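Pasted below: protein-v5.cif, mmCIF, N, CA and C atoms.
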data_final
#
loop_
_atom_site.group_PDB
_atom_site.id
_atom_site.type_symbol
_atom_site.label_atom_id
_atom_site.label_comp_id
_atom_site.auth_asym_id
_atom_site.auth_seq_id
_atom_site.Cartn_x
_atom_site.Cartn_y
_atom_site.Cartn_z
ATOM 1 N N MET A 1 123.890 148.001 159.332
ATOM 2 C CA MET A 1 123.201 148.872 158.402
ATOM 3 C C MET A 1 124.224 149.814 157.764
ATOM 4 N N ASP A 2 124.109 150.008 156.475
ATOM 5 C CA ASP A 2 124.984 150.903 155.730
ATOM 6 C C ASP A 2 124.649 152.354 156.065
ATOM 7 N N LEU A 3 125.649 153.216 156.059
ATOM 8 C CA LEU A 3 125.446 154.628 156.387
ATOM 9 C C LEU A 3 124.379 155.263 155.494
ATOM 10 N N ALA A 4 124.342 154.891 154.229
ATOM 11 C CA ALA A 4 123.359 155.465 153.299
ATOM 12 C C ALA A 4 121.930 155.058 153.643
ATOM 13 N N GLU A 5 121.765 153.993 154.408
ATOM 14 C CA GLU A 5 120.426 153.528 154.779
ATOM 15 C C GLU A 5 119.873 154.261 155.997
ATOM 16 N N ILE A 6 120.744 154.855 156.798
ATOM 17 C CA ILE A 6 120.306 155.535 158.014
ATOM 18 C C ILE A 6 119.674 156.867 157.625
ATOM 19 N N GLY A 7 118.395 156.993 157.845
ATOM 20 C CA GLY A 7 117.673 158.208 157.496
ATOM 21 C C GLY A 7 117.295 158.302 156.026
ATOM 22 N N ALA A 8 117.434 157.197 155.286
ATOM 23 C CA ALA A 8 117.112 157.214 153.856
ATOM 24 C C ALA A 8 115.607 157.308 153.645
ATOM 25 N N TYR A 9 115.226 157.929 152.539
ATOM 26 C CA TYR A 9 113.814 157.996 152.187
ATOM 27 C C TYR A 9 113.645 157.821 150.684
ATOM 28 N N ASP A 10 112.489 157.331 150.302
ATOM 29 C CA ASP A 10 112.122 157.153 148.900
ATOM 30 C C ASP A 10 110.654 157.547 148.793
ATOM 31 N N ASP A 11 110.404 158.760 148.346
ATOM 32 C CA ASP A 11 109.042 159.290 148.270
ATOM 33 C C ASP A 11 108.438 158.930 146.915
ATOM 34 N N GLU A 12 107.562 157.932 146.916
ATOM 35 C CA GLU A 12 106.954 157.484 145.661
ATOM 36 C C GLU A 12 106.116 158.578 145.006
ATOM 37 N N ARG A 13 105.487 159.417 145.805
ATOM 38 C CA ARG A 13 104.621 160.472 145.265
ATOM 39 C C ARG A 13 105.420 161.483 144.448
ATOM 40 N N THR A 14 106.567 161.918 144.980
ATOM 41 C CA THR A 14 107.363 162.946 144.294
ATOM 42 C C THR A 14 108.512 162.363 143.481
ATOM 43 N N GLY A 15 108.858 161.113 143.755
ATOM 44 C CA GLY A 15 109.993 160.502 143.079
ATOM 45 C C GLY A 15 111.331 160.891 143.679
ATOM 46 N N LEU A 16 111.296 161.637 144.773
ATOM 47 C CA LEU A 16 112.540 162.068 145.412
ATOM 48 C C LEU A 16 113.103 160.951 146.279
ATOM 49 N N ARG A 17 114.417 160.806 146.229
ATOM 50 C CA ARG A 17 115.122 159.842 147.069
ATOM 51 C C ARG A 17 116.311 160.549 147.685
ATOM 52 N N GLY A 18 116.666 160.147 148.876
ATOM 53 C CA GLY A 18 117.819 160.757 149.516
ATOM 54 C C GLY A 18 117.980 160.302 150.944
ATOM 55 N N VAL A 19 118.691 161.096 151.700
ATOM 56 C CA VAL A 19 118.972 160.814 153.103
ATOM 57 C C VAL A 19 118.649 162.061 153.899
ATOM 58 N N ASN A 20 117.991 161.871 155.026
ATOM 59 C CA ASN A 20 117.645 162.982 155.901
ATOM 60 C C ASN A 20 118.000 162.593 157.329
ATOM 61 N N ARG A 21 119.124 163.125 157.818
ATOM 62 C CA ARG A 21 119.547 162.859 159.192
ATOM 63 C C ARG A 21 119.666 164.200 159.909
ATOM 64 N N LEU A 22 118.573 164.653 160.466
ATOM 65 C CA LEU A 22 118.587 165.919 161.194
ATOM 66 C C LEU A 22 119.475 165.808 162.423
ATOM 67 N N ALA A 23 120.139 166.897 162.763
ATOM 68 C CA ALA A 23 121.009 166.923 163.937
ATOM 69 C C ALA A 23 120.222 166.586 165.193
ATOM 70 N N LEU A 24 120.885 165.885 166.089
ATOM 71 C CA LEU A 24 120.362 165.524 167.409
ATOM 72 C C LEU A 24 119.222 164.510 167.363
ATOM 73 N N THR A 25 119.063 163.805 166.247
ATOM 74 C CA THR A 25 118.067 162.743 166.163
ATOM 75 C C THR A 25 118.758 161.395 166.333
ATOM 76 N N ASP A 26 117.961 160.348 166.519
ATOM 77 C CA ASP A 26 118.521 159.003 166.616
ATOM 78 C C ASP A 26 119.279 158.633 165.345
ATOM 79 N N ALA A 27 118.763 159.045 164.184
ATOM 80 C CA ALA A 27 119.434 158.755 162.914
ATOM 81 C C ALA A 27 120.793 159.444 162.848
ATOM 82 N N ASP A 28 120.874 160.667 163.320
ATOM 83 C CA ASP A 28 122.133 161.409 163.347
ATOM 84 C C ASP A 28 123.139 160.703 164.251
ATOM 85 N N ALA A 29 122.696 160.286 165.422
ATOM 86 C CA ALA A 29 123.582 159.593 166.364
ATOM 87 C C ALA A 29 124.061 158.264 165.782
ATOM 88 N N ALA A 30 123.168 157.523 165.130
ATOM 89 C CA ALA A 30 123.538 156.245 164.528
ATOM 90 C C ALA A 30 124.562 156.448 163.415
ATOM 91 N N GLY A 31 124.362 157.474 162.602
ATOM 92 C CA GLY A 31 125.321 157.779 161.545
ATOM 93 C C GLY A 31 126.676 158.153 162.110
ATOM 94 N N GLY A 32 126.674 158.963 163.162
ATOM 95 C CA GLY A 32 127.926 159.355 163.803
ATOM 96 C C GLY A 32 128.673 158.161 164.372
ATOM 97 N N ARG A 33 127.942 157.255 165.015
ATOM 98 C CA ARG A 33 128.581 156.054 165.571
ATOM 99 C C ARG A 33 129.210 155.214 164.466
ATOM 100 N N GLN A 34 128.531 155.124 163.334
ATOM 101 C CA GLN A 34 129.073 154.336 162.233
ATOM 102 C C GLN A 34 130.335 154.983 161.657
ATOM 103 N N VAL A 35 130.320 156.293 161.502
ATOM 104 C CA VAL A 35 131.499 157.005 160.991
ATOM 105 C C VAL A 35 132.671 156.842 161.958
ATOM 106 N N ILE A 36 132.416 156.987 163.246
ATOM 107 C CA ILE A 36 133.470 156.828 164.248
ATOM 108 C C ILE A 36 134.041 155.420 164.195
ATOM 109 N N GLY A 37 133.176 154.420 164.095
ATOM 110 C CA GLY A 37 133.636 153.035 164.009
ATOM 111 C C GLY A 37 134.520 152.796 162.801
ATOM 112 N N ARG A 38 134.133 153.350 161.663
ATOM 113 C CA ARG A 38 134.940 153.189 160.448
ATOM 114 C C ARG A 38 136.289 153.885 160.588
ATOM 115 N N MET A 39 136.289 155.064 161.197
ATOM 116 C CA MET A 39 137.554 155.777 161.406
ATOM 117 C C MET A 39 138.473 154.983 162.324
ATOM 118 N N GLU A 40 137.918 154.447 163.401
ATOM 119 C CA GLU A 40 138.729 153.663 164.334
ATOM 120 C C GLU A 40 139.261 152.401 163.669
ATOM 121 N N GLN A 41 138.445 151.740 162.848
ATOM 122 C CA GLN A 41 138.902 150.555 162.120
ATOM 123 C C GLN A 41 140.051 150.895 161.177
ATOM 124 N N ALA A 42 140.047 152.112 160.655
ATOM 125 C CA ALA A 42 141.107 152.553 159.746
ATOM 126 C C ALA A 42 142.350 153.007 160.505
ATOM 127 N N GLY A 43 142.303 152.955 161.841
ATOM 128 C CA GLY A 43 143.455 153.333 162.644
ATOM 129 C C GLY A 43 143.573 154.816 162.922
ATOM 130 N N LEU A 44 142.502 155.570 162.699
ATOM 131 C CA LEU A 44 142.540 157.005 162.949
ATOM 132 C C LEU A 44 142.262 157.305 164.416
ATOM 133 N N THR A 45 142.825 158.388 164.901
ATOM 134 C CA THR A 45 142.469 158.922 166.204
ATOM 135 C C THR A 45 141.242 159.796 165.988
ATOM 136 N N VAL A 46 140.188 159.541 166.745
ATOM 137 C CA VAL A 46 138.920 160.242 166.543
ATOM 138 C C VAL A 46 138.743 161.314 167.605
ATOM 139 N N ARG A 47 138.315 162.486 167.155
ATOM 140 C CA ARG A 47 138.016 163.596 168.062
ATOM 141 C C ARG A 47 136.668 164.174 167.675
ATOM 142 N N ILE A 48 135.873 164.529 168.675
ATOM 143 C CA ILE A 48 134.576 165.165 168.447
ATOM 144 C C ILE A 48 134.603 166.514 169.157
ATOM 145 N N ASP A 49 134.327 167.583 168.419
ATOM 146 C CA ASP A 49 134.352 168.907 169.040
ATOM 147 C C ASP A 49 133.031 169.198 169.754
ATOM 148 N N ARG A 50 132.953 170.366 170.369
ATOM 149 C CA ARG A 50 131.767 170.724 171.160
ATOM 150 C C ARG A 50 130.501 170.837 170.324
ATOM 151 N N MET A 51 130.638 171.041 169.026
ATOM 152 C CA MET A 51 129.474 171.145 168.141
ATOM 153 C C MET A 51 129.049 169.783 167.589
ATOM 154 N N GLY A 52 129.839 168.756 167.871
ATOM 155 C CA GLY A 52 129.503 167.415 167.403
ATOM 156 C C GLY A 52 130.152 167.023 166.087
ATOM 157 N N ASN A 53 131.035 167.882 165.562
ATOM 158 C CA ASN A 53 131.765 167.525 164.346
ATOM 159 C C ASN A 53 132.753 166.417 164.672
ATOM 160 N N ILE A 54 132.884 165.467 163.779
ATOM 161 C CA ILE A 54 133.750 164.311 163.989
ATOM 162 C C ILE A 54 134.990 164.469 163.122
ATOM 163 N N TYR A 55 136.157 164.331 163.741
ATOM 164 C CA TYR A 55 137.431 164.453 163.036
ATOM 165 C C TYR A 55 138.213 163.163 163.207
ATOM 166 N N GLY A 56 138.841 162.707 162.140
ATOM 167 C CA GLY A 56 139.728 161.556 162.200
ATOM 168 C C GLY A 56 141.122 161.984 161.785
ATOM 169 N N ARG A 57 142.117 161.522 162.531
ATOM 170 C CA ARG A 57 143.496 161.920 162.238
ATOM 171 C C ARG A 57 144.390 160.687 162.206
ATOM 172 N N ARG A 58 145.218 160.627 161.182
ATOM 173 C CA ARG A 58 146.219 159.571 161.087
ATOM 174 C C ARG A 58 147.586 160.225 161.195
ATOM 175 N N GLU A 59 148.359 159.760 162.132
ATOM 176 C CA GLU A 59 149.706 160.299 162.310
ATOM 177 C C GLU A 59 150.592 159.852 161.155
ATOM 178 N N GLY A 60 151.470 160.738 160.731
ATOM 179 C CA GLY A 60 152.412 160.408 159.674
ATOM 180 C C GLY A 60 153.617 159.664 160.228
ATOM 181 N N THR A 61 154.511 159.293 159.351
ATOM 182 C CA THR A 61 155.703 158.561 159.775
ATOM 183 C C THR A 61 156.794 159.494 160.282
ATOM 184 N N ASP A 62 156.712 160.786 159.941
ATOM 185 C CA ASP A 62 157.708 161.766 160.371
ATOM 186 C C ASP A 62 157.016 162.867 161.169
ATOM 187 N N PRO A 63 157.126 162.831 162.509
ATOM 188 C CA PRO A 63 156.433 163.823 163.328
ATOM 189 C C PRO A 63 156.939 165.253 163.140
ATOM 190 N N THR A 64 158.108 165.436 162.498
ATOM 191 C CA THR A 64 158.641 166.782 162.286
ATOM 192 C C THR A 64 158.186 167.376 160.947
ATOM 193 N N ALA A 65 157.539 166.583 160.114
ATOM 194 C CA ALA A 65 157.103 167.059 158.796
ATOM 195 C C ALA A 65 155.938 168.035 158.938
ATOM 196 N N ALA A 66 155.921 169.030 158.056
ATOM 197 C CA ALA A 66 154.823 170.001 158.041
ATOM 198 C C ALA A 66 153.585 169.358 157.423
ATOM 199 N N PRO A 67 152.397 169.782 157.863
ATOM 200 C CA PRO A 67 151.177 169.243 157.235
ATOM 201 C C PRO A 67 151.081 169.674 155.776
ATOM 202 N N CYS A 68 150.448 168.874 154.976
ATOM 203 C CA CYS A 68 150.281 169.187 153.539
ATOM 204 C C CYS A 68 149.144 170.133 153.341
#

How does this structure look as structure tokens?
Amino acid sequence: MDLAEIGAYDDERTGLRGVNRLALTDADAAGGRQVIGRMEQAGLTVRIDRMGNIYGRREGTDPTAAPC
């Protein structure tokens, strides 16, 4: 399933369309798993903080270089 499909809605009555993935729901967890999988496929090191934010990091070729 595509990330945009997880928690997607199409309200025919109002014409509103979008995505609704409330924190701590199954949809939120599914979206997070998909993002983590994509980051890992891209070769990133994945870290999740205590609040559940997902970070992906790719090491550069020069470990002594300053971050941009």

Residues matched by the PyMOL selection byres ((chain A and resi 56) around 5), written as a list in words: Thr45, Val46, Ile54, Tyr55, Arg57 and Arg58 of chain A

Would you kindly return, as a short mmCIF file (atom, residue, chain, number, x, y, z; two decimals) with N, CA and C atoms, in the frame of the given file, each protein, DNA or RNA residue with an atom no farther than 12 Å from any atom of Ile6 of chain A, considering only C-alpha atoms and excluding same-chain residues fewer than 4 positions away?
data_model
loop_
_atom_site.label_atom_id
_atom_site.label_comp_id
_atom_site.auth_asym_id
_atom_site.auth_seq_id
_atom_site.Cartn_x
_atom_site.Cartn_y
_atom_site.Cartn_z
N MET A 1 123.89 148.00 159.33
CA MET A 1 123.20 148.87 158.40
C MET A 1 124.22 149.81 157.76
N ASP A 2 124.11 150.01 156.48
CA ASP A 2 124.98 150.90 155.73
C ASP A 2 124.65 152.35 156.06
N GLY A 18 116.67 160.15 148.88
CA GLY A 18 117.82 160.76 149.52
C GLY A 18 117.98 160.30 150.94
N VAL A 19 118.69 161.10 151.70
CA VAL A 19 118.97 160.81 153.10
C VAL A 19 118.65 162.06 153.90
N ASN A 20 117.99 161.87 155.03
CA ASN A 20 117.64 162.98 155.90
C ASN A 20 118.00 162.59 157.33
N ARG A 21 119.12 163.12 157.82
CA ARG A 21 119.55 162.86 159.19
C ARG A 21 119.67 164.20 159.91
N LEU A 22 118.57 164.65 160.47
CA LEU A 22 118.59 165.92 161.19
C LEU A 22 119.48 165.81 162.42
N THR A 25 119.06 163.80 166.25
CA THR A 25 118.07 162.74 166.16
C THR A 25 118.76 161.40 166.33
N ASP A 26 117.96 160.35 166.52
CA ASP A 26 118.52 159.00 166.62
C ASP A 26 119.28 158.63 165.34
N ALA A 27 118.76 159.04 164.18
CA ALA A 27 119.43 158.76 162.91
C ALA A 27 120.79 159.44 162.85
N ASP A 28 120.87 160.67 163.32
CA ASP A 28 122.13 161.41 163.35
C ASP A 28 123.14 160.70 164.25
N ALA A 29 122.70 160.29 165.42
CA ALA A 29 123.58 159.59 166.36
C ALA A 29 124.06 158.26 165.78
N ALA A 30 123.17 157.52 165.13
CA ALA A 30 123.54 156.24 164.53
C ALA A 30 124.56 156.45 163.42
N GLY A 31 124.36 157.47 162.60
CA GLY A 31 125.32 157.78 161.54
C GLY A 31 126.68 158.15 162.11
N GLY A 32 126.67 158.96 163.16
CA GLY A 32 127.93 159.35 163.80
C GLY A 32 128.67 158.16 164.37
N ARG A 33 127.94 157.26 165.02
CA ARG A 33 128.58 156.05 165.57
C ARG A 33 129.21 155.21 164.47
N GLN A 34 128.53 155.12 163.33
CA GLN A 34 129.07 154.34 162.23
C GLN A 34 130.34 154.98 161.66
N VAL A 35 130.32 156.29 161.50
CA VAL A 35 131.50 157.00 160.99
C VAL A 35 132.67 156.84 161.96
#

If I take atom C of Glu59 of chain A and atom N of Leu44 of chain A, how far is one from the other in Å, to one decimal?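 So the answer is 9.3 Å.
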
Once 6 Å is added on each side, what centre and edge lengths in Å to one decimal does the axis-aligned box around all listed atoms of segment 31-47 of chain A have, as lines of an AutoDock Vina configuration file?
center_x = 134.0
center_y = 157.4
center_z = 163.9
size_x = 31.2
size_y = 25.6
size_z = 20.3

Grab the atom CA of Arg17 of chain A to atom CA of Met51 of chain A distance for me, in Å with one decimal place. 27.9 Å

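All residues within chain A that the backbone DSSP calculation assigns to strand (DSSP E or B) are A:Ala8, A:Tyr9, A:Asp10, A:Arg17, A:Gly18, A:Val19, A:Thr45, A:Val46, A:Arg47, A:Ile48, A:Ile54, A:Tyr55, A:Gly56, A:Arg57.
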
Length of the atom CA of Arg38 of chain A to atom CA of Tyr9 of chain A vector [Å]: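 Interatomic distance here is 23.2 Å.
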
Mind the document's chain letters and residue numbers, and return as a PyMOL selection string the residues of chain A that DSSP labels helix (DSSP H, G or I). chain A and resi 3-5+26-41
